[in-house]
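Heads up: the structure comes next, in structure tokens.
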Amino acid sequence: MAPPNDPVNSSFTVLKSDKDNLFDLSDGKLSLKNVPLLSEVPSNVSFKSFSSLCQSSDAPLPLFQRVQSISFKGGFLGFSKEEPSNRLMNSLGKFSHRGCLSIFRFKTWWSTQWVGSSGSDLQMETQWVLLDVPEIRSYVLIVPIIEGKFRSALHPGTDGHVMICAESGSTQVKASSFDAIAYVHVSENPYNLMKEAYSALRVHLNTFRLLEEKSIPPLVNKFGWCTWDAFYLTVEPAGVWHGVKEFSDGGISPRFVIIDDGWQSINLDGENPHEDAKNLVLGGTQMTARLQRLDECEKFRKYKAGSMLGPNPPPFDPKKPKMLISKAIELEHVEKARDKATQSGVTDLSQYELQIEKFKQELNEMFGGGEETISTQGCGSCSCKAESFGMKAFTKDLRENFKGLDDIYVWHALCGAWGGVKPGATHLNSKIVPCEVSPGLDGTMTDLAVVKIVEGSIGLVHPDQADDFYDSMHSYLSRVGITGVKVDVIHTLEYVSEEYGGRVELAKAYYKGLSKSLSKNFNGTGLISSMQQCNDFFLLGTEQISIGRVGDDFWFQDPNGDPNGVYWLQGVHMIHCAYNSMWMGQIIQPDWDMFQSDHLCAKFHAGSRAICGGPIYVSDSVGGHDFDLLKQLVFPDGTIPKCQHFALPTRDCIFKNPLFDGKTILKIWNFNKYGGVIGAFNCQGAGWDPKEQRIKGYSQCYKPMPGSVHVSEIEWDQKKDAAEMGEAEEYAVYLSKAEKLFLTTPKSEAILMTIQPSTFEIFSFVPIKKLNLTTKFAPIGVTDMFNSGGAIQVLEYNEGGATGKNNVKIKIKGGGNFLAYSNVSPKKCCLNGAEAGFEWSGDGKLALKLPWIEEAGGISDVAFIF
């Protein structure tokens with residue numbers, strides 16, 4: 001997806017649209033084609049057309065012209081107050097008895113969907129709201145945006161009112177009026193609506209770029225491994241090595257590795273400034289620590305080149321990480337119990353403290369004695385030492401031993417580490433800045449990360465040095481063989497913006513530095529954004545960044561200790577990803593996150609990742625793999641049968657609650673080159689509780705769920721190459737799990753189904769081609785894979801001609817069972833140039849065994865002659 005050739009700094013003048021704007025604000029009503037959307041709109045609220053405010057843009061000309069041609073479909077809401085303030089709240093009017101879908105922040109970092117029928121149903125920190133307008137078969141989007149030094153969010157009001165909150169994040173930055181603090185747009189198609197609205201905002205704001213304007217990292221087409229759930233903070237070179245080796249030995253080569261949190265040199269305040277923090281295991285303990293060096297920590301620094309291949313490799317016990325994690329979880333549960341007792345007024349905490357001390361001692365004993373340190377005698381800091389030790393030696397050994405490994409990424413927080421950069425530890429000007437959480441975030445879920453960060457404050461590098469900060473880190477990483485970074489904990493900036501011109505100005509400085517470094521050090525694409533699901537990031541930080549997480553973390557267990565949460569939380573994760581992709585997918589490539597292949601719900605996750613349209617990666621522990629499952633997702637060379645788009649909820653799911661309404665199955669659609677897919681997932685059983693302000697289980701909903709699927713639910717028109725497939729008269733349908741094949745037409749009844757809790761079905765719809773009056777054909781793909789149709793690389797139909805023969809030529813990637821629908825038996829089949837046997841049955845199943853030929857990249861040439 002290469003950027004267009006238009007110069008980035010081009011500026012075009014807006015020509016007024018010759019069509020009247022579809023919205024009208026008068027007499028206290030915001031109306032659309034005479035249909036009232038918002039009533040009781042205060043007199044201090046204004047509406048301005050898009051073209052009246054957007055006079056020029058640096059957008060590429062084709063994009064600019066596209067937005068200009070539909071400018072009559074959108075406009076801006078503003079409001080004015082008598083007194084200037086750094087935080088202003090105002091009603092935009094009210095609505096009720098109208099279906100709405102919204103996205104809100106349930107934590108500082110993460111957003112999810114919420115449905116309702118009135119303005120009062122919205123949650124705090126709502127990022128947008130989509131209104132159903134069936135009176136004119138349309139949809140309207142209201143998006144709170146950035147204006148000047150203020151960002152905005154929607155909040156619930158009383159009696160159906162929608163409140164907008166504009167805040168600067170600094171008491172020194174005030175305003176009293178806004179012309180364009182929210183954007184409204186209308187379309188008859190909800191998917192076009194998202195595309196059009198965010199295109200208009202890109203043209204208007206000039207602070208971010210759309211996904212279509214950017215290149216995406218090559219890893220989106222590949223399989224990878226992330227170290228997080230395998231090791232947490234105990235990650236070290238021997239563990240990473242054994243992890244990659246196990247995949248390779250199991251027949252699946254990871255093409256990228258993400259060394260997650262735990263590789264950096266961090267230190268807690270008050271500890272020896274020349275030593276790394278010791279014996280860290282779980283996320284939480286390190287959240288008050290600060291970066292004290294810009295290179296790797298001691299356990300990676302002391303890695304010696306070739307040591308993993310020598311006769312005496314460093315010892316590694318695959319059971320030890322799990323034992324450490326298990327013990328650390330025990331300790332964490334006791335600490336939580338103590339904190340809960342404290343909150344409830346218990347004064348004698350001695351029993352908790354004794355247990356805590358006991359677990360800490362046991363944990364330290366499990367880590368063993370002190371670690372060996374590198375001898376600094378001899379060459380010292382000369383180049384031969386740099387080549388022989390540390391991250392550079394380690395990445396070189398990994399690549400030389402595991403030939404398919406293309407990318408090695410490492411993790412870091414936006415501010416360096418969770419607690420920022422330690423003042424005086426580096427050449428950077430860092431200052432400990434107290435954190436202040438905005439009132440809007442009081443309506444979100446209690447979060448350990450927020451508690452710890454507020455407790456420890458942030459060592460903030462001055463924004464004037466943001467360029468230097470990121471370039472210093474990233475240029476070093478690039479030199480030692482790291483090809484990208486996963487940047488996490490992104491929204492801490494809004495906690496510390498008081499002295500720095502507010503959250504918008506601080507964010508701009510940091511994102512500018514990050515974007516420049518990404519372009520210079522990581523090929524412009526080597527960055528996965530995470531913990532970033534707020535409009536500040538998307539509207540200010542995505543000029544260069546082109547991929548990011550669309551869901552909360554994969555939780556292998558319920559952090560609150562509820563065993564049923566192991567199941568419930570997996571469906572919640574899918575809802576985050578599917579609905580967030582509606583808006584995030586306009587700006588970045590959606591990343592559905594890792595999972596563990598041996599988890600209780602691993603198949604459930606695997607099904608969604610198979611058709612999500614993004615990269616597939618796992619966080620398996622060493623020794624904890626289900627290779628049979630992974631081989632249904634990944635080719636032996638570490639590439640994946642990826643869909644062509646990003647997965648989105650079907651239209652009939654948009655205003656439903658697939659988590660705890662007790663009746664809705666989540667359905668997501670996508671495309672392959674030669675067919676469409678719908679995945680049906682029973683996610684029921686958990687969700688947001690507005691009163692308790694947390695995600696909890698709704699066990700009464702965790703049950704089998706009936707539903708239906710229809711070929712028309714695939715939005716064929718959303719991709720130019722897919723539009724023709726949507727016009728087929730007949731389709732072959734294949735059910736991945738049930739292994740059923742049958743035919744359907746656009747006029748057929750919907751396909752009925754019942755999905756068990758935490759399970760799924762994938763429906764592949766392939767247009768049937770009539771080769772002649774009597775022959776019909778449709779290739780399903782490699783049925784060993786969840787996304788069977790993704791294996792088909794090239795499809796050619798040759799009809800009649802001089803020979804009078806009809807044949808089908810297909811290039812297929814993957815070894816195993818190829819399936820097609822054919823109403824008649826072929827006369828002959830050729831496989832890689834030689835005649836091959838095949839099986840055909842009267843029900844239309846045409847089957848063929850495919851080899852995996854490494855030299856051909858796993859691609860087979862198949863021809864059927866009729």
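Chain lettering (A, B, ...) mirrors the order of the structure tokens, residue numbering begins at 1 for each chain separately, and ligand numbering begins at 1 in order of display.
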
Residues at most 8 Å from range 830-845 of chain A, counting only C-alpha atoms, excluding those fewer than 3 positions away in the same chain, as a list of chain:residue names?
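So the residues in contact are A:Leu741, A:Leu819, A:Ala820, A:Tyr821, A:Ser822, A:Asn823, A:Val824, A:Ser825, A:Leu848, A:Lys849, A:Ser860, A:Asp861, A:Val862, A:Ala863, A:Phe864.
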
Got a sec: who's within 7 Å of range 257-269 of chain A, counting only C-alpha atoms, leaving out chain neighbours fewer than 4 positions off, as a short mmCIF file (atom, residue, chain, number, x, y, z; two decimals) with C-alpha atoms, in the first residue's frame?
data_model
loop_
_atom_site.label_atom_id
_atom_site.label_comp_id
_atom_site.auth_asym_id
_atom_site.auth_seq_id
_atom_site.Cartn_x
_atom_site.Cartn_y
_atom_site.Cartn_z
CA GLY A 224 5.39 -14.28 14.73
CA TRP A 225 6.04 -14.88 18.41
CA CYS A 226 5.90 -12.35 21.25
CA THR A 227 7.69 -13.11 24.51
CA TRP A 228 5.22 -11.41 26.87
CA TYR A 232 6.78 -11.53 31.26
CA LEU A 233 9.70 -9.62 32.79
CA THR A 234 11.88 -12.73 33.15
CA VAL A 235 12.69 -12.70 29.43
CA PRO A 273 21.76 3.70 40.10
CA ASP A 276 19.18 -3.00 36.92
CA ALA A 277 16.10 -3.78 38.99
CA THR A 288 7.25 2.68 38.91
CA ALA A 289 10.69 1.92 37.43
CA ARG A 290 12.50 4.29 35.09
CA LEU A 291 14.82 3.89 32.15
CA GLN A 292 18.41 4.40 33.26
CA ARG A 293 20.19 3.48 30.01
CA ASP A 295 20.54 0.18 25.58
CA GLU A 296 19.71 -3.32 26.79
CA CYS A 297 19.78 -4.53 30.40
CA PHE A 300 21.06 -9.13 27.37
CA ASP A 407 12.13 -9.00 11.89
CA ILE A 408 13.11 -8.60 15.52
CA TYR A 409 11.13 -5.95 17.39
CA VAL A 410 11.53 -4.79 20.98
CA TRP A 411 9.06 -3.16 23.35
CA HIS A 412 9.24 0.26 24.95
#

Using DSSP secondary structure from the backbone, list all helix (DSSP H, G or I) positions within range 554-681 of chain A, as number ranges by chain.
A: 565-584, 602-610, 627-630, 651-653

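Residues surrounding Gly565 in chain A within 12 Å are Trp555, Phe556, Gln557, Asp558, Pro559, Asn560, Gly561, Leu569, Gln570, Gly571, Val572, His573, Leu600, Cys601, Gln684, Gly685, Ala686, Gly687, Ile695, Lys696, Gly697, Tyr698, Ser699, Tyr702 and Ser758 of chain A [only C-alpha atoms; sequence separation below 4 positions excluded].
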
Kindly export the residues of the current selection with N, CA and C atoms, as a CSV table (one decimal), in the first residue's frame.
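Dumped everything to out_7.csv:
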chain,number,residue,atom,x,y,z
A,555,TRP,N,-5.8,-11.9,27.8
A,555,TRP,CA,-5.7,-12.4,29.1
A,555,TRP,C,-5.8,-13.9,29.2
A,556,PHE,N,-4.7,-14.6,29.6
A,556,PHE,CA,-4.8,-16.0,29.6
A,556,PHE,C,-5.6,-16.5,30.8
A,557,GLN,N,-5.8,-15.6,31.8
A,557,GLN,CA,-6.6,-15.9,33.0
A,557,GLN,C,-7.3,-14.6,33.4
A,558,ASP,N,-8.3,-14.7,34.2
A,558,ASP,CA,-9.0,-13.5,34.7
A,558,ASP,C,-8.1,-12.9,35.8
A,559,PRO,N,-7.7,-11.6,35.6
A,559,PRO,CA,-6.8,-11.0,36.6
A,559,PRO,C,-7.4,-10.9,38.0
A,560,ASN,N,-8.8,-11.0,38.0
A,560,ASN,CA,-9.5,-11.0,39.3
A,560,ASN,C,-9.6,-12.4,39.9
A,561,GLY,N,-9.1,-13.4,39.2
A,561,GLY,CA,-9.2,-14.7,39.8
A,561,GLY,C,-10.4,-15.5,39.5
A,569,LEU,N,-13.6,-13.6,29.1
A,569,LEU,CA,-12.7,-12.5,28.6
A,569,LEU,C,-12.3,-12.7,27.2
A,570,GLN,N,-12.3,-13.9,26.7
A,570,GLN,CA,-11.9,-14.1,25.3
A,570,GLN,C,-12.9,-13.5,24.3
A,571,GLY,N,-14.2,-13.6,24.6
A,571,GLY,CA,-15.2,-13.0,23.7
A,571,GLY,C,-15.1,-11.5,23.8
A,572,VAL,N,-14.9,-11.0,25.0
A,572,VAL,CA,-14.7,-9.5,25.2
A,572,VAL,C,-13.6,-9.0,24.3
A,573,HIS,N,-12.5,-9.7,24.2
A,573,HIS,CA,-11.4,-9.3,23.4
A,573,HIS,C,-11.8,-9.2,21.9
A,600,LEU,N,-7.1,-22.6,26.8
A,600,LEU,CA,-8.4,-23.2,26.8
A,600,LEU,C,-9.3,-22.7,25.6
A,601,CYS,N,-9.1,-21.5,25.3
A,601,CYS,CA,-9.9,-20.9,24.2
A,601,CYS,C,-9.1,-20.6,22.9
A,684,GLN,N,-20.9,-14.3,23.9
A,684,GLN,CA,-21.7,-14.0,25.0
A,684,GLN,C,-21.2,-14.5,26.3
A,685,GLY,N,-21.4,-13.6,27.4
A,685,GLY,CA,-21.0,-14.1,28.7
A,685,GLY,C,-20.3,-13.1,29.6
A,686,ALA,N,-19.9,-11.9,29.0
A,686,ALA,CA,-19.2,-10.9,29.8
A,686,ALA,C,-19.4,-9.5,29.2
A,687,GLY,N,-19.1,-8.5,29.9
A,687,GLY,CA,-19.1,-7.1,29.3
A,687,GLY,C,-19.1,-6.1,30.3
A,695,ILE,N,-15.5,-4.5,33.6
A,695,ILE,CA,-16.0,-5.6,32.8
A,695,ILE,C,-16.1,-6.8,33.7
A,696,LYS,N,-17.3,-7.4,33.6
A,696,LYS,CA,-17.6,-8.6,34.5
A,696,LYS,C,-18.3,-9.7,33.8
A,697,GLY,N,-18.5,-10.8,34.4
A,697,GLY,CA,-19.2,-11.9,33.8
A,697,GLY,C,-20.7,-11.8,33.8
A,698,TYR,N,-21.3,-12.2,32.8
A,698,TYR,CA,-22.8,-12.4,32.8
A,698,TYR,C,-23.1,-13.8,32.4
A,699,SER,N,-22.9,-14.7,33.5
A,699,SER,CA,-22.9,-16.1,33.3
A,699,SER,C,-24.2,-16.6,32.6
A,702,TYR,N,-23.9,-17.2,29.0
A,702,TYR,CA,-22.8,-18.1,28.5
A,702,TYR,C,-23.5,-19.4,28.1
A,758,SER,N,-18.0,-19.8,23.4
A,758,SER,CA,-16.5,-19.7,23.1
A,758,SER,C,-16.1,-20.6,21.9

Would you please work out which residue, of A:Thr639, A:Thr744, A:Thr342, A:Ser138, is nearest to Tyr191 in chain A when using only C-alpha atoms?
A:Ser138

Which residues are close to Asn44 in chain A, i.e. within 9 Å by only C-alpha atoms, leaving aside same-chain residues fewer than 3 positions away? Reply as a ChimeraX atom specification.
/A:41,78-81,90

Nearest-residue call for Ile575 in chain A, choices A:Ser748, A:Gln65, A:Gln55, A:Asn682, using only C-alpha atoms:
A:Asn682

Using only C-alpha atoms, determine which residues lie at most 10 Å from Asn580 in chain A, disregarding the query and same-chain residues fewer than 6 positions distant; provide the list as a list in words.
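Skipping anything fewer than 6 positions along the chain leaves Ser102, Ile103, Phe104, Trp110, Ser111, Thr112, Gln113, Gln533, Arg549, Val550, Gly551, Met574, Pro590, Leu648 and Pro649 of chain A.
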
Keeping only C-alpha atoms, write those residues as a PDB file, in the first residue's frame.
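That gives us out-v6.pdb:
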ATOM      1  CA  SER A 102     -20.506   4.123  20.410  1.00  0.00           C
ATOM      2  CA  ILE A 103     -16.871   3.530  21.243  1.00  0.00           C
ATOM      3  CA  PHE A 104     -15.674   4.625  24.683  1.00  0.00           C
ATOM      4  CA  TRP A 110      -8.307   0.821  25.739  1.00  0.00           C
ATOM      5  CA  SER A 111     -11.650   1.401  24.042  1.00  0.00           C
ATOM      6  CA  THR A 112     -14.638  -0.821  23.359  1.00  0.00           C
ATOM      7  CA  GLN A 113     -18.162  -0.713  21.962  1.00  0.00           C
ATOM      8  CA  GLN A 533      -7.008   3.786  21.748  1.00  0.00           C
ATOM      9  CA  ARG A 549      -3.572  -2.855  18.370  1.00  0.00           C
ATOM     10  CA  VAL A 550      -7.363  -2.735  18.171  1.00  0.00           C
ATOM     11  CA  GLY A 551      -8.064  -4.695  21.348  1.00  0.00           C
ATOM     12  CA  MET A 574     -12.974 -10.088  20.026  1.00  0.00           C
ATOM     13  CA  PRO A 590      -5.729  -3.353  12.766  1.00  0.00           C
ATOM     14  CA  LEU A 648     -15.540  -5.750  10.516  1.00  0.00           C
ATOM     15  CA  PRO A 649     -18.889  -6.560  12.174  1.00  0.00           C
TER      16      PRO A 649
END

Contact residues around Gly815 in chain A with only C-alpha atoms at 10 Å, ignoring same-chain residues under 5 positions, as a list in words:
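The residues satisfying every condition are Phe635, Pro636, Val782, Thr783, Asp784, Met785, Ala791, Lys849, Leu850, Pro851, Trp852, Ile853, Gly858, Ile859 and Ser860 of chain A.
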
Could you take the residues named above and write them with C-alpha atoms, as a compact mmCIF listing (two decimals), in the first residue's frame?
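And here's part-v8.txt as it stands now:
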# COMPACT_ATOMS: atom_id res chain seq x y z
CA PHE A 635 2.19 -22.08 6.28
CA PRO A 636 5.48 -23.92 6.98
CA VAL A 782 -6.84 -25.64 1.24
CA THR A 783 -9.26 -26.96 3.84
CA ASP A 784 -6.49 -27.77 6.31
CA MET A 785 -6.46 -24.00 6.97
CA ALA A 791 -4.45 -20.14 -0.04
CA LYS A 849 -3.77 -33.71 -2.35
CA LEU A 850 -1.17 -30.95 -2.61
CA PRO A 851 2.52 -31.27 -1.73
CA TRP A 852 4.49 -28.55 0.04
CA ILE A 853 7.45 -27.92 -2.24
CA GLY A 858 4.90 -23.91 -1.23
CA ILE A 859 2.95 -22.96 -4.36
CA SER A 860 1.46 -25.63 -6.59
